[in-house]
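Asker: Quick one, input-v8.cif (mmCIF, C-alpha atoms):
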```
data_structure
loop_
_atom_site.label_atom_id
_atom_site.label_comp_id
_atom_site.auth_asym_id
_atom_site.auth_seq_id
_atom_site.Cartn_x
_atom_site.Cartn_y
_atom_site.Cartn_z
CA MET J 1 0.00 0.00 0.00
CA GLU J 2 1.02 3.59 -0.66
CA ALA J 3 2.45 5.19 2.47
CA GLN J 4 0.53 8.07 3.99
CA ALA J 5 2.44 11.36 4.00
CA VAL J 6 3.38 12.80 7.37
CA ALA J 7 1.71 16.17 7.87
CA LYS J 8 4.11 19.07 7.44
CA ASP J 9 4.17 21.93 9.92
CA TRP J 10 3.39 24.55 7.28
CA TRP J 11 0.38 22.72 5.87
CA LEU J 12 -3.01 24.30 6.50
CA TYR J 13 -4.94 21.90 4.26
CA GLN J 14 -4.37 18.22 5.05
CA GLY J 15 -7.44 16.51 3.62
CA ALA J 16 -7.99 14.72 6.92
CA GLY J 17 -11.19 16.31 8.16
CA PRO J 18 -12.20 19.50 9.97
CA GLY J 19 -9.31 21.15 11.77
CA GLU J 20 -10.21 24.17 13.91
CA GLU J 21 -6.58 24.82 14.80
CA ARG J 22 -5.53 24.83 11.15
CA ARG J 23 -8.40 27.11 10.20
CA ALA J 24 -7.37 29.49 12.98
CA ARG J 25 -3.86 29.56 11.52
CA LEU J 26 -5.35 30.22 8.09
CA GLU J 27 -7.32 33.19 9.40
CA ALA J 28 -4.43 34.60 11.43
CA GLY J 29 -1.75 34.12 8.79
CA SER J 30 -0.05 37.18 7.34
CA PRO J 31 -0.61 37.57 3.60
CA PRO J 32 2.12 38.66 1.19
CA PRO J 33 2.19 42.49 1.16
CA TRP J 34 0.85 42.53 -2.39
CA ARG J 35 -2.12 40.33 -1.39
CA ASP J 36 -3.17 42.30 1.70
CA PHE J 37 -6.67 43.71 1.17
CA THR J 38 -8.59 46.26 3.18
CA GLY J 39 -12.31 45.53 2.85
CA GLU J 40 -14.43 46.18 5.94
CA PRO J 41 -16.95 43.44 6.81
CA ASP J 42 -20.60 44.32 7.27
CA PRO J 43 -21.23 43.46 10.95
CA ALA J 44 -24.87 42.70 10.15
CA TYR J 45 -23.99 40.05 7.57
CA GLY J 46 -23.23 36.48 8.57
CA PRO J 47 -22.02 34.17 5.78
CA PRO J 48 -23.25 30.56 5.80
CA GLY J 49 -21.38 28.46 8.32
CA CYS J 50 -20.88 24.75 8.84
CA ALA J 51 -24.52 23.82 9.23
CA GLY J 52 -27.48 23.33 6.95
CA GLU J 53 -28.17 21.49 3.73
CA ALA J 54 -25.66 23.37 1.57
CA TRP J 55 -22.86 22.65 4.04
CA GLU J 56 -23.80 18.97 4.24
CA ARG J 57 -23.51 18.70 0.44
CA THR J 58 -20.07 20.28 0.58
CA ARG J 59 -18.95 18.13 3.51
CA ARG J 60 -20.14 14.84 2.02
CA ARG J 61 -18.50 15.49 -1.32
CA GLY J 62 -15.25 16.78 0.16
CA GLU J 63 -14.65 14.23 2.91
CA GLY J 64 -14.12 11.33 0.52
CA TYR J 65 -11.32 13.02 -1.44
CA VAL J 66 -7.88 11.41 -1.09
CA PRO J 67 -5.08 13.95 -1.74
CA ASP J 68 -1.49 12.92 -2.30
CA GLU J 69 1.46 14.73 -0.75
CA PRO J 70 2.27 16.72 -3.93
CA GLU J 71 -1.37 17.87 -4.11
CA LYS J 72 -1.25 19.04 -0.50
CA ASP J 73 1.97 20.93 -1.16
CA VAL J 74 0.47 22.82 -4.10
CA VAL J 75 -2.87 23.55 -2.40
CA ASN J 76 -1.09 24.93 0.66
CA THR J 77 1.17 27.03 -1.54
CA ALA J 78 -1.93 28.68 -3.01
CA LEU J 79 -3.41 29.19 0.47
CA HIS J 80 -0.29 30.87 1.82
CA LEU J 81 0.19 33.07 -1.25
CA ARG J 82 -3.57 33.78 -1.49
CA ARG J 83 -3.53 33.04 -5.17
CA PRO J 84 -6.05 31.19 -7.38
CA LEU J 85 -5.41 27.47 -7.84
CA LEU J 86 -5.66 26.28 -11.46
CA ILE J 87 -6.20 22.51 -11.60
CA THR J 88 -5.80 20.67 -14.90
CA GLY J 89 -6.38 17.04 -15.76
CA LYS J 90 -8.66 14.70 -17.66
CA PRO J 91 -12.38 14.50 -16.83
CA GLY J 92 -13.19 12.44 -13.76
CA VAL J 93 -9.86 12.68 -11.88
CA GLY J 94 -11.32 14.77 -9.04
CA LYS J 95 -10.51 18.36 -9.98
CA SER J 96 -13.82 19.82 -8.79
CA THR J 97 -13.96 17.55 -5.74
CA LEU J 98 -10.68 18.99 -4.48
CA ALA J 99 -12.43 22.36 -3.99
CA TYR J 100 -15.00 20.67 -1.76
CA SER J 101 -12.22 18.86 0.09
CA ILE J 102 -10.54 22.18 0.95
CA ALA J 103 -13.81 23.62 2.25
CA ALA J 104 -14.61 20.50 4.29
CA ASP J 105 -11.08 20.09 5.66
CA LEU J 106 -10.84 23.71 6.89
CA ALA J 107 -14.56 24.13 7.74
CA LEU J 108 -14.95 27.13 5.43
CA GLY J 109 -18.66 26.72 4.73
CA PRO J 110 -20.48 25.73 1.54
CA VAL J 111 -18.56 25.95 -1.73
CA LEU J 112 -19.65 28.71 -4.10
CA HIS J 113 -19.96 27.18 -7.57
CA TRP J 114 -19.62 29.10 -10.86
CA PRO J 115 -19.96 26.75 -13.86
CA ILE J 116 -18.49 28.20 -17.06
CA THR J 117 -19.86 27.93 -20.60
CA SER J 118 -18.87 29.54 -23.90
CA ARG J 119 -21.43 32.30 -23.25
CA THR J 120 -20.22 33.19 -19.75
CA VAL J 121 -18.95 36.73 -19.18
CA LEU J 122 -17.28 38.25 -16.14
CA ARG J 123 -20.39 40.05 -14.94
CA ASP J 124 -22.25 36.73 -14.64
CA GLY J 125 -19.92 35.80 -11.80
CA LEU J 126 -19.84 39.24 -10.17
CA TYR J 127 -23.50 40.25 -9.95
CA LEU J 128 -26.93 39.99 -11.55
CA TYR J 129 -29.07 43.05 -12.29
CA ASP J 130 -32.70 42.78 -13.38
CA ALA J 131 -32.93 46.12 -15.20
CA ILE J 132 -36.10 45.16 -17.08
CA GLY J 133 -37.89 44.21 -13.87
CA ARG J 134 -36.98 47.55 -12.33
CA LEU J 135 -38.26 49.51 -15.33
CA GLN J 136 -41.49 47.53 -15.36
CA GLU J 137 -42.14 48.22 -11.68
CA ALA J 138 -41.38 51.91 -12.15
CA GLY J 139 -43.99 51.98 -14.91
CA LEU J 140 -46.53 50.21 -12.72
CA GLU J 141 -45.97 52.80 -9.99
CA GLN J 142 -46.90 55.54 -12.43
CA VAL J 143 -50.07 53.63 -13.33
CA ARG J 144 -51.03 53.16 -9.66
CA VAL J 145 -50.66 56.88 -8.94
CA PRO J 146 -52.42 58.81 -11.73
CA GLY J 147 -50.95 62.23 -12.24
CA ALA J 148 -47.84 61.46 -10.20
CA PRO J 149 -45.01 63.89 -11.02
CA ALA J 150 -42.32 62.70 -13.42
CA ALA J 151 -39.76 62.97 -10.64
CA ALA J 152 -41.51 60.41 -8.43
CA PRO J 153 -38.89 58.10 -6.90
CA ALA J 154 -38.25 54.83 -8.67
CA PRO J 155 -38.26 51.58 -6.70
CA SER J 156 -35.01 50.96 -4.84
CA ILE J 157 -32.40 49.29 -7.01
CA ALA J 158 -31.43 46.92 -4.19
CA ARG J 159 -34.23 44.44 -4.83
CA TYR J 160 -33.08 43.98 -8.43
CA LEU J 161 -29.43 43.31 -7.63
CA ARG J 162 -27.82 40.12 -6.40
CA LEU J 163 -24.17 39.15 -6.10
CA GLY J 164 -23.00 36.20 -8.19
CA PRO J 165 -20.70 33.44 -6.90
CA LEU J 166 -17.50 35.41 -7.57
CA GLY J 167 -19.00 38.59 -6.15
CA THR J 168 -20.15 36.75 -3.02
CA ALA J 169 -16.70 35.19 -2.56
CA LEU J 170 -15.15 38.67 -2.66
CA LEU J 171 -17.27 40.06 0.17
CA PRO J 172 -15.05 41.25 3.04
CA GLN J 173 -14.86 38.50 5.66
CA SER J 174 -12.40 37.35 8.31
CA ARG J 175 -12.05 33.93 6.71
CA PRO J 176 -12.12 32.98 3.03
CA ARG J 177 -14.95 31.34 1.13
CA VAL J 178 -14.12 28.60 -1.36
CA LEU J 179 -15.11 29.44 -4.94
CA LEU J 180 -15.10 26.76 -7.64
CA ILE J 181 -14.84 28.20 -11.17
CA ASP J 182 -15.59 25.04 -13.07
CA GLU J 183 -14.26 24.29 -16.59
CA ILE J 184 -12.67 27.67 -17.27
CA ASP J 185 -11.30 26.23 -20.53
CA LYS J 186 -14.83 26.28 -21.97
CA SER J 187 -15.05 30.06 -21.61
CA ASP J 188 -14.95 32.77 -24.23
CA ILE J 189 -11.37 33.72 -25.07
CA ASP J 190 -11.66 37.01 -23.13
CA LEU J 191 -12.81 35.69 -19.75
CA PRO J 192 -9.40 34.63 -18.32
CA GLY J 193 -8.02 38.09 -19.14
CA ASP J 194 -11.08 39.80 -17.65
CA LEU J 195 -10.54 37.89 -14.41
CA LEU J 196 -7.01 39.22 -14.00
CA THR J 197 -7.99 42.66 -12.71
CA VAL J 198 -10.47 41.18 -10.23
CA PHE J 199 -7.88 38.69 -8.97
CA GLU J 200 -5.27 41.42 -8.57
CA ASP J 201 -7.56 44.01 -6.96
CA GLY J 202 -9.54 41.59 -4.82
CA GLY J 203 -12.65 43.58 -5.61
CA PHE J 204 -14.84 45.23 -8.22
CA VAL J 205 -17.34 48.03 -8.77
CA ILE J 206 -21.05 47.63 -9.50
CA PRO J 207 -21.64 50.54 -11.92
CA GLU J 208 -25.40 50.63 -11.27
CA LEU J 209 -24.69 51.35 -7.59
CA ALA J 210 -21.73 53.65 -8.20
CA ARG J 211 -23.94 55.95 -10.30
CA LEU J 212 -26.37 56.30 -7.41
CA ALA J 213 -23.71 56.67 -4.71
CA LYS J 214 -24.55 60.34 -3.91
CA GLU J 215 -28.26 59.64 -3.43
CA GLU J 216 -27.85 56.17 -1.85
CA PRO J 217 -24.24 55.62 -0.69
CA THR J 218 -24.91 52.24 0.97
CA VAL J 219 -27.23 49.62 -0.47
CA ALA J 220 -28.05 46.20 1.00
CA ILE J 221 -28.28 43.46 -1.65
CA GLY J 222 -28.56 39.69 -1.83
CA THR J 223 -25.83 37.11 -2.31
CA ASP J 224 -25.41 33.96 -4.34
CA ASP J 225 -26.23 31.98 -1.18
CA ASP J 226 -29.24 34.04 -0.13
CA PRO J 227 -31.16 36.59 -2.22
CA ASP J 228 -32.47 38.11 1.01
CA ALA J 229 -29.09 38.37 2.77
CA GLY J 230 -29.01 42.19 2.60
CA VAL J 231 -25.25 42.67 2.78
CA ALA J 232 -24.16 46.31 2.69
CA VAL J 233 -22.27 47.60 -0.37
CA THR J 234 -20.89 51.14 -0.06
CA GLN J 235 -20.15 53.44 -3.00
CA GLY J 236 -20.89 50.53 -5.30
CA ARG J 237 -17.62 48.71 -4.47
CA VAL J 238 -17.15 45.18 -3.18
CA GLN J 239 -13.67 44.76 -1.71
CA CYS J 240 -12.43 41.59 -0.05
CA ARG J 241 -10.58 41.48 3.25
CA TYR J 242 -9.32 37.93 2.84
CA PHE J 243 -8.84 36.74 -0.74
CA PRO J 244 -11.11 33.73 -1.33
CA VAL J 245 -9.85 30.24 -2.03
CA VAL J 246 -10.41 30.27 -5.80
CA VAL J 247 -10.20 26.88 -7.52
CA LEU J 248 -10.33 26.92 -11.32
CA THR J 249 -10.61 23.63 -13.20
CA SER J 250 -9.62 22.90 -16.79
CA ASN J 251 -9.88 19.76 -18.89
CA GLY J 252 -7.04 21.04 -21.07
CA GLU J 253 -9.22 22.01 -24.03
CA ARG J 254 -7.35 25.30 -24.54
CA ASP J 255 -4.25 27.24 -23.52
CA PHE J 256 -4.31 30.30 -21.29
CA PRO J 257 -2.37 33.55 -21.69
CA PRO J 258 0.91 33.81 -19.74
CA ALA J 259 -0.39 36.77 -17.71
CA PHE J 260 -3.24 34.62 -16.44
CA LEU J 261 -1.01 31.64 -15.68
CA ARG J 262 1.46 33.86 -13.82
CA ARG J 263 -1.23 34.83 -11.33
CA CYS J 264 -2.27 31.26 -10.60
CA VAL J 265 -0.69 28.38 -8.70
CA ARG J 266 -0.98 25.38 -11.00
CA LEU J 267 -1.68 21.73 -10.17
CA HIS J 268 -2.02 18.86 -12.65
CA LEU J 269 -3.93 15.78 -11.52
CA ASP J 270 -3.08 12.46 -13.16
CA ALA J 271 -5.45 9.51 -13.19
CA PRO J 272 -5.10 7.56 -9.92
CA GLY J 273 -3.17 4.29 -9.86
CA PRO J 274 -4.23 1.08 -8.08
CA GLU J 275 -2.97 2.12 -4.62
CA LYS J 276 -4.76 5.45 -4.69
CA LEU J 277 -7.91 3.84 -6.09
CA ALA J 278 -7.92 1.48 -3.11
CA ARG J 279 -7.69 4.46 -0.75
CA ILE J 280 -10.51 6.23 -2.58
CA VAL J 281 -12.77 3.18 -2.37
CA ARG J 282 -12.05 2.84 1.33
CA GLY J 283 -12.71 6.55 1.94
CA ARG J 284 -15.88 6.71 -0.15
CA LEU J 285 -17.48 3.31 0.42
CA GLY J 286 -15.78 2.08 3.58
CA VAL J 287 -14.60 -1.06 1.76
CA ASP J 288 -11.05 -2.41 2.08
CA ILE J 289 -10.30 -3.97 -1.29
CA THR J 290 -6.71 -4.96 -0.46
CA GLY J 291 -7.45 -8.10 1.58
CA ALA J 292 -7.42 -11.70 0.41
CA ASP J 293 -11.23 -11.84 0.61
CA ALA J 294 -11.68 -8.89 -1.78
CA ALA J 295 -10.59 -10.57 -5.01
CA GLU J 296 -13.79 -9.55 -6.81
CA TYR J 297 -13.18 -5.88 -6.11
CA GLN J 298 -9.51 -6.15 -7.05
CA ASP J 299 -10.64 -7.60 -10.37
CA LEU J 300 -12.88 -4.57 -10.89
CA VAL J 301 -9.92 -2.26 -10.26
CA ARG J 302 -7.82 -4.16 -12.81
CA SER J 303 -10.64 -4.03 -15.34
CA PHE J 304 -11.05 -0.30 -14.72
CA LEU J 305 -7.34 0.36 -15.32
CA GLU J 306 -7.27 -1.84 -18.42
CA ARG J 307 -10.32 -0.14 -19.94
CA ALA J 308 -8.80 3.27 -19.14
CA GLU J 309 -5.97 2.49 -21.57
CA ASP J 310 -8.44 2.70 -24.48
CA GLY J 311 -10.22 5.89 -23.38
CA ASP J 312 -10.75 8.11 -20.37
CA LEU J 313 -12.77 6.86 -17.42
CA ALA J 314 -13.86 8.72 -14.28
CA THR J 315 -13.05 7.41 -10.83
CA ASP J 316 -16.72 7.50 -9.85
CA GLN J 317 -17.38 4.88 -12.53
CA LEU J 318 -15.29 2.43 -10.51
CA LEU J 319 -17.15 3.48 -7.35
CA ASN J 320 -20.45 2.84 -9.15
CA ALA J 321 -19.29 -0.64 -10.16
CA ILE J 322 -18.27 -1.57 -6.63
CA GLN J 323 -21.47 -0.11 -5.18
CA LEU J 324 -23.54 -2.26 -7.56
CA ARG J 325 -21.65 -5.38 -6.55
CA LEU J 326 -22.12 -4.53 -2.87
CA ALA J 327 -25.86 -4.39 -3.60
CA GLY J 328 -25.73 -7.80 -5.30
CA ALA J 329 -26.43 -6.40 -8.77
CA TRP J 330 -24.92 -7.87 -11.96
CA SER J 331 -23.68 -10.88 -9.99
CA ALA J 332 -24.28 -13.61 -12.60
CA PRO J 333 -20.97 -14.88 -14.09
CA GLY J 334 -22.21 -14.36 -17.65
CA ASP J 335 -23.01 -10.70 -17.00
CA ARG J 336 -19.43 -9.53 -16.51
CA ASP J 337 -18.77 -8.08 -19.97
CA ARG J 338 -22.14 -6.33 -20.20
CA PHE J 339 -21.71 -5.08 -16.62
CA LEU J 340 -18.35 -3.47 -17.40
CA ALA J 341 -19.63 -2.02 -20.68
CA THR J 342 -22.59 -0.49 -18.85
CA VAL J 343 -20.86 1.11 -15.86
CA MET J 344 -17.43 1.82 -17.39
CA GLN J 345 -18.31 3.49 -20.66
CA HIS J 346 -15.43 5.52 -22.07
CA LEU J 347 -15.62 9.31 -21.84
CA THR J 348 -13.20 9.77 -24.75
CA GLY J 349 -11.81 7.59 -27.52
CA PRO J 350 -13.42 5.62 -30.35
CA THR J 351 -15.90 3.80 -28.11
CA ALA J 352 -17.14 6.87 -26.20
#
```
Can you dump the structure from the file as structure tokens?
Answerer:
Amino acid sequence: MEAQAVAKDWWLYQGAGPGEERRARLEAGSPPPWRDFTGEPDPAYGPPGCAGEAWERTRRRGEGYVPDEPEKDVVNTALHLRRPLLITGKPGVGKSTLAYSIAADLALGPVLHWPITSRTVLRDGLYLYDAIGRLQEAGLEQVRVPGAPAAAPAPSIARYLRLGPLGTALLPQSRPRVLLIDEIDKSDIDLPGDLLTVFEDGGFVIPELARLAKEEPTVAIGTDDDPDAGVAVTQGRVQCRYFPVVVLTSNGERDFPPAFLRRCVRLHLDAPGPEKLARIVRGRLGVDITGADAAEYQDLVRSFLERAEDGDLATDQLLNAIQLRLAGAWSAPGDRDRFLATVMQHLTGPTA
């Protein structure tokens, strides 16, 4: 079996479960001078903690992740430098799950998730503004009050604004939120460059609020977690205090500009080998597949690795196969080939 790495003194993330002491060190740690931000938290706003349905989803997904020593080194480098972590690798190797593992290990609350498509623009992650809804309500107010003067006040803009996942992550707080920017390689060519200024400044301006700053200097708006959160934004600017733990994933479908790569800490995840697969199965399903009485499960691991030579497979496909066998499904000897073809279909390659 692969030896477990001894925890290093400088590690904050260990992948071993909630660590209050390590989180305290994370919060108290001194950032590099160029990553020290000055946002002032809204004392009336409390971000989601380690309770509730959203947290349970994060905890369950993150606790089964099995990081290797090199992964821990790179993750902790990003935490200490307060830089985004860019994770590359083939589909199914656990890139997104690592973000949940960081949140679960350091008890940082539910992961904020921003899935990327070819139509995604920067503003989608920062904030949402329902301008049409505001105009419609302003028109209805004029109808309700016949003869009202043209200068009658429009409905407050606050109810039509809501922070997106990136905007919520950048709210000033004493501890970071974990933000997963999923499949950044699927984005429009401009998005990585547009993110650079936000990553460097640790904040952004909402123009719709900045234009109204003289009349309404502080506005309480919703967050990605809670549309009714009412967190205060002053002068239209959101400025972080602690840079969030930003995890970007890429399947390697495109290259990124050097300026973008320079601002990220990079980690490449290879497909797990037999030893790591055994640890994953034990962590996820509670099954030790290394013993003499686990020959059936060892055969499934071998079949998984052999089939992976002809096209990409995801680790959860092996977990599905073992879960089915634990439930007694597909147990007839003559079903083996159809069983493997059903639960271990290739994600890439000629048979995908």
Asker: So the first atom is CA of Leu324 in chain J and the second is CA of Phe339 in chain J; what is the distance between them in Å, to one decimal place?
Answerer: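 Answer for the CA of Leu324 in chain J to CA of Phe339 in chain J separation: 9.7 Å.
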Asker: Can you measure CA of Ala292 in chain J to CA of Ile322 in chain J for me? One decimal in Å is fine.
Answerer: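 These two atoms are separated by 16.4 Å.
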Asker: Using the chain letters and numbers from the file, give me the residues hit by the PyMOL selection byres ((chain J and resi 168) around 8), as a list in words.
Answerer: Leu126, Leu163, Gly164, Pro165, Leu166, Gly167, Ala169, Leu170, Leu171, Thr223, Asp224 and Asp225 of chain J
Asker: Restricting the calculation to only C-alpha atoms: of J:Pro70, J:Gly109, J:Gly349, J:Pro84, which residue gets closest to Glu56 in chain J?
Answerer: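 Between J:Pro70, J:Gly109, J:Gly349, J:Pro84, the residue approaching Glu56 in chain J most closely is J:Gly109.
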Asker: Using all atoms listed in the file, tabulate the residues of range 171-209 of chain J lying at most 12 Å from any atom of range 261-278 of chain J, each with its closest atom pair and that distance in Å to one decimal, by chain and increasing residue number, as a tab-separated table.
Answerer:
```
residue	atom	partner	partner_atom	distance
J:Pro192	CA	J:Leu261	CA	9.3
J:Gly193	CA	J:Leu261	CA	10.1
J:Leu195	CA	J:Arg263	CA	10.3
J:Leu196	CA	J:Arg263	CA	7.7
J:Thr197	CA	J:Arg263	CA	10.4
J:Val198	CA	J:Arg263	CA	11.3
J:Phe199	CA	J:Arg263	CA	8.0
J:Glu200	CA	J:Arg263	CA	8.2
J:Asp201	CA	J:Arg263	CA	12.0
```
Asker: Which of these, J:Arg284, J:Arg82, J:Arg25, J:Arg254, has the shortest distance to Arg60 in chain J once you count only C-alpha atoms?
Answerer: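 Using only C-alpha atoms, Arg60 in chain J sits closest to J:Arg284.
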Asker: Counting all atoms listed in the file, what is within 12 Å of Ala51 in chain J, bar same-chain residues fewer than 4 positions away, as a VMD selection string?
Answerer: chain J and resid 47 55 to 59 104 107 to 110
Asker: Phe304 in chain J: which residues within 9 Å, counting all atoms listed in the file, same-chain residues fewer than 4 positions away excluded, as a list in words?
Answerer: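 Surrounding residues, per the criterion: Asp299, Leu300, Ala308, Glu309, Leu313, Thr315, Gln317, Leu318, Leu340 and Met344 of chain J.
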Asker: One number please: CA of Tyr65 in chain J to CA of Leu319 in chain J, in Å, one decimal.
Answerer: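 Interatomic distance here is 12.6 Å.
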Asker: Once the PyMOL selection byres ((chain J and resi 130) around 9) has been applied to the shown file, what residues remain in the selection, as a list in words?
Answerer: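 This file gives the following for the PyMOL selection byres ((chain J and resi 130) around 9): Leu128, Tyr129, Ala131, Ile132, Gly133, Arg134, Leu135, Arg159, Tyr160, Leu161 and Arg162 of chain J.
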Asker: Would you mind telling me which residue in J:Pro257, J:Gly230, J:Pro217, J:Gly94 lies nearest to Arg61 in chain J when using all atoms listed in the file?
Answerer: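 Residue with the minimum atom-to-atom distance to Arg61 in chain J: J:Gly94.
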Asker: Give me the residues near Arg336 in chain J as a ChimeraX atom specification, where near means some atom within 12 Å (using all atoms listed in the file) and where sequence neighbours in that chain fewer than 5 positions away do not count.
Answerer: /J:296,299-300,303,321,325,329-331,341-344
Asker: Measuring atom to atom with all atoms listed in the file, identify which of J:Val74, J:Ala99, J:Leu106, J:Val231 is nearest to Glu21 in chain J.
Answerer: J:Leu106
Asker: Taking into account only C-alpha atoms, which residue in the set J:Leu12, J:Val75, J:Val233, J:Ala294 is nearest to Gly203 in chain J?
Answerer: J:Val233
Asker: Report as a list in words the residues that result from applying the PyMOL selection byres ((chain J and resi 30-39) around 6) to the structure here.
Answerer: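 On this input, the PyMOL selection byres ((chain J and resi 30-39) around 6) captures Gly29, Glu40, Pro172, Gln239, Cys240 and Arg241 of chain J.
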Asker: Which of these residues is nearest to Tyr242 in chain J, using all atoms listed in the file: J:Arg119, J:Lys90, J:His346, J:His80?
Answerer: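 Nearest to Tyr242 in chain J: J:His80.
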Asker: Will you model all heavy atoms for range 7-14 of chain J and pass it back as a tab-separated table (two decimals), keeping the file's coordinate frame?
Answerer:
```tsv
chain	number	residue	atom	x	y	z
J	7	ALA	N	2.13	14.78	8.00
J	7	ALA	CA	1.71	16.17	7.87
J	7	ALA	C	2.89	17.10	8.14
J	7	ALA	O	3.65	16.90	9.08
J	7	ALA	CB	0.57	16.47	8.84
J	8	LYS	N	3.03	18.09	7.30
J	8	LYS	CA	4.11	19.07	7.44
J	8	LYS	C	3.63	20.25	8.27
J	8	LYS	O	2.45	20.63	8.20
J	8	LYS	CB	4.58	19.52	6.06
J	8	LYS	CG	5.08	18.37	5.19
J	8	LYS	CD	5.44	18.83	3.79
J	8	LYS	CE	5.86	17.65	2.91
J	8	LYS	NZ	6.18	18.06	1.53
J	9	ASP	N	4.54	20.85	9.01
J	9	ASP	CA	4.17	21.93	9.92
J	9	ASP	C	3.50	23.10	9.20
J	9	ASP	O	2.62	23.75	9.76
J	9	ASP	CB	5.41	22.44	10.67
J	9	ASP	CG	5.95	21.41	11.67
J	9	ASP	OD1	5.17	20.51	12.04
J	9	ASP	OD2	7.12	21.52	12.06
J	10	TRP	N	3.90	23.37	7.98
J	10	TRP	CA	3.39	24.55	7.28
J	10	TRP	C	2.06	24.29	6.58
J	10	TRP	O	1.42	25.21	6.11
J	10	TRP	CB	4.43	25.07	6.29
J	10	TRP	CG	4.70	24.16	5.13
J	10	TRP	CD1	5.48	23.05	5.11
J	10	TRP	CD2	4.18	24.29	3.79
J	10	TRP	NE1	5.49	22.47	3.86
J	10	TRP	CE2	4.70	23.22	3.02
J	10	TRP	CE3	3.33	25.19	3.17
J	10	TRP	CZ2	4.42	23.04	1.68
J	10	TRP	CZ3	3.03	25.02	1.81
J	10	TRP	CH2	3.57	23.95	1.09
J	11	TRP	N	1.64	23.03	6.53
J	11	TRP	CA	0.38	22.72	5.87
J	11	TRP	C	-0.80	23.29	6.66
J	11	TRP	O	-0.90	23.11	7.88
J	11	TRP	CB	0.20	21.21	5.75
J	11	TRP	CG	0.94	20.57	4.62
J	11	TRP	CD1	1.68	21.18	3.65
J	11	TRP	CD2	1.03	19.16	4.37
J	11	TRP	NE1	2.22	20.25	2.80
J	11	TRP	CE2	1.84	19.00	3.21
J	11	TRP	CE3	0.52	18.05	4.99
J	11	TRP	CZ2	2.13	17.75	2.68
J	11	TRP	CZ3	0.80	16.80	4.47
J	11	TRP	CH2	1.60	16.66	3.31
J	12	LEU	N	-1.71	23.92	5.95
J	12	LEU	CA	-3.01	24.30	6.50
J	12	LEU	C	-4.05	23.26	6.09
J	12	LEU	O	-4.80	22.74	6.90
J	12	LEU	CB	-3.40	25.69	6.00
J	12	LEU	CG	-2.44	26.83	6.38
J	12	LEU	CD1	-2.78	28.09	5.60
J	12	LEU	CD2	-2.50	27.08	7.88
J	13	TYR	N	-4.06	22.94	4.79
J	13	TYR	CA	-4.94	21.90	4.26
J	13	TYR	C	-4.23	20.55	4.36
J	13	TYR	O	-3.09	20.41	3.94
J	13	TYR	CB	-5.28	22.21	2.81
J	13	TYR	CG	-5.89	21.04	2.06
J	13	TYR	CD1	-7.21	20.65	2.30
J	13	TYR	CD2	-5.15	20.34	1.12
J	13	TYR	CE1	-7.77	19.58	1.62
J	13	TYR	CE2	-5.71	19.28	0.42
J	13	TYR	CZ	-7.01	18.89	0.68
J	13	TYR	OH	-7.56	17.83	0.00
J	14	GLN	N	-4.93	19.57	4.94
J	14	GLN	CA	-4.37	18.22	5.05
J	14	GLN	C	-5.27	17.16	4.43
J	14	GLN	O	-4.85	16.03	4.23
J	14	GLN	CB	-4.11	17.87	6.52
J	14	GLN	CG	-3.04	18.73	7.17
J	14	GLN	CD	-2.75	18.32	8.61
J	14	GLN	OE1	-3.22	17.29	9.08
J	14	GLN	NE2	-1.99	19.14	9.31
```
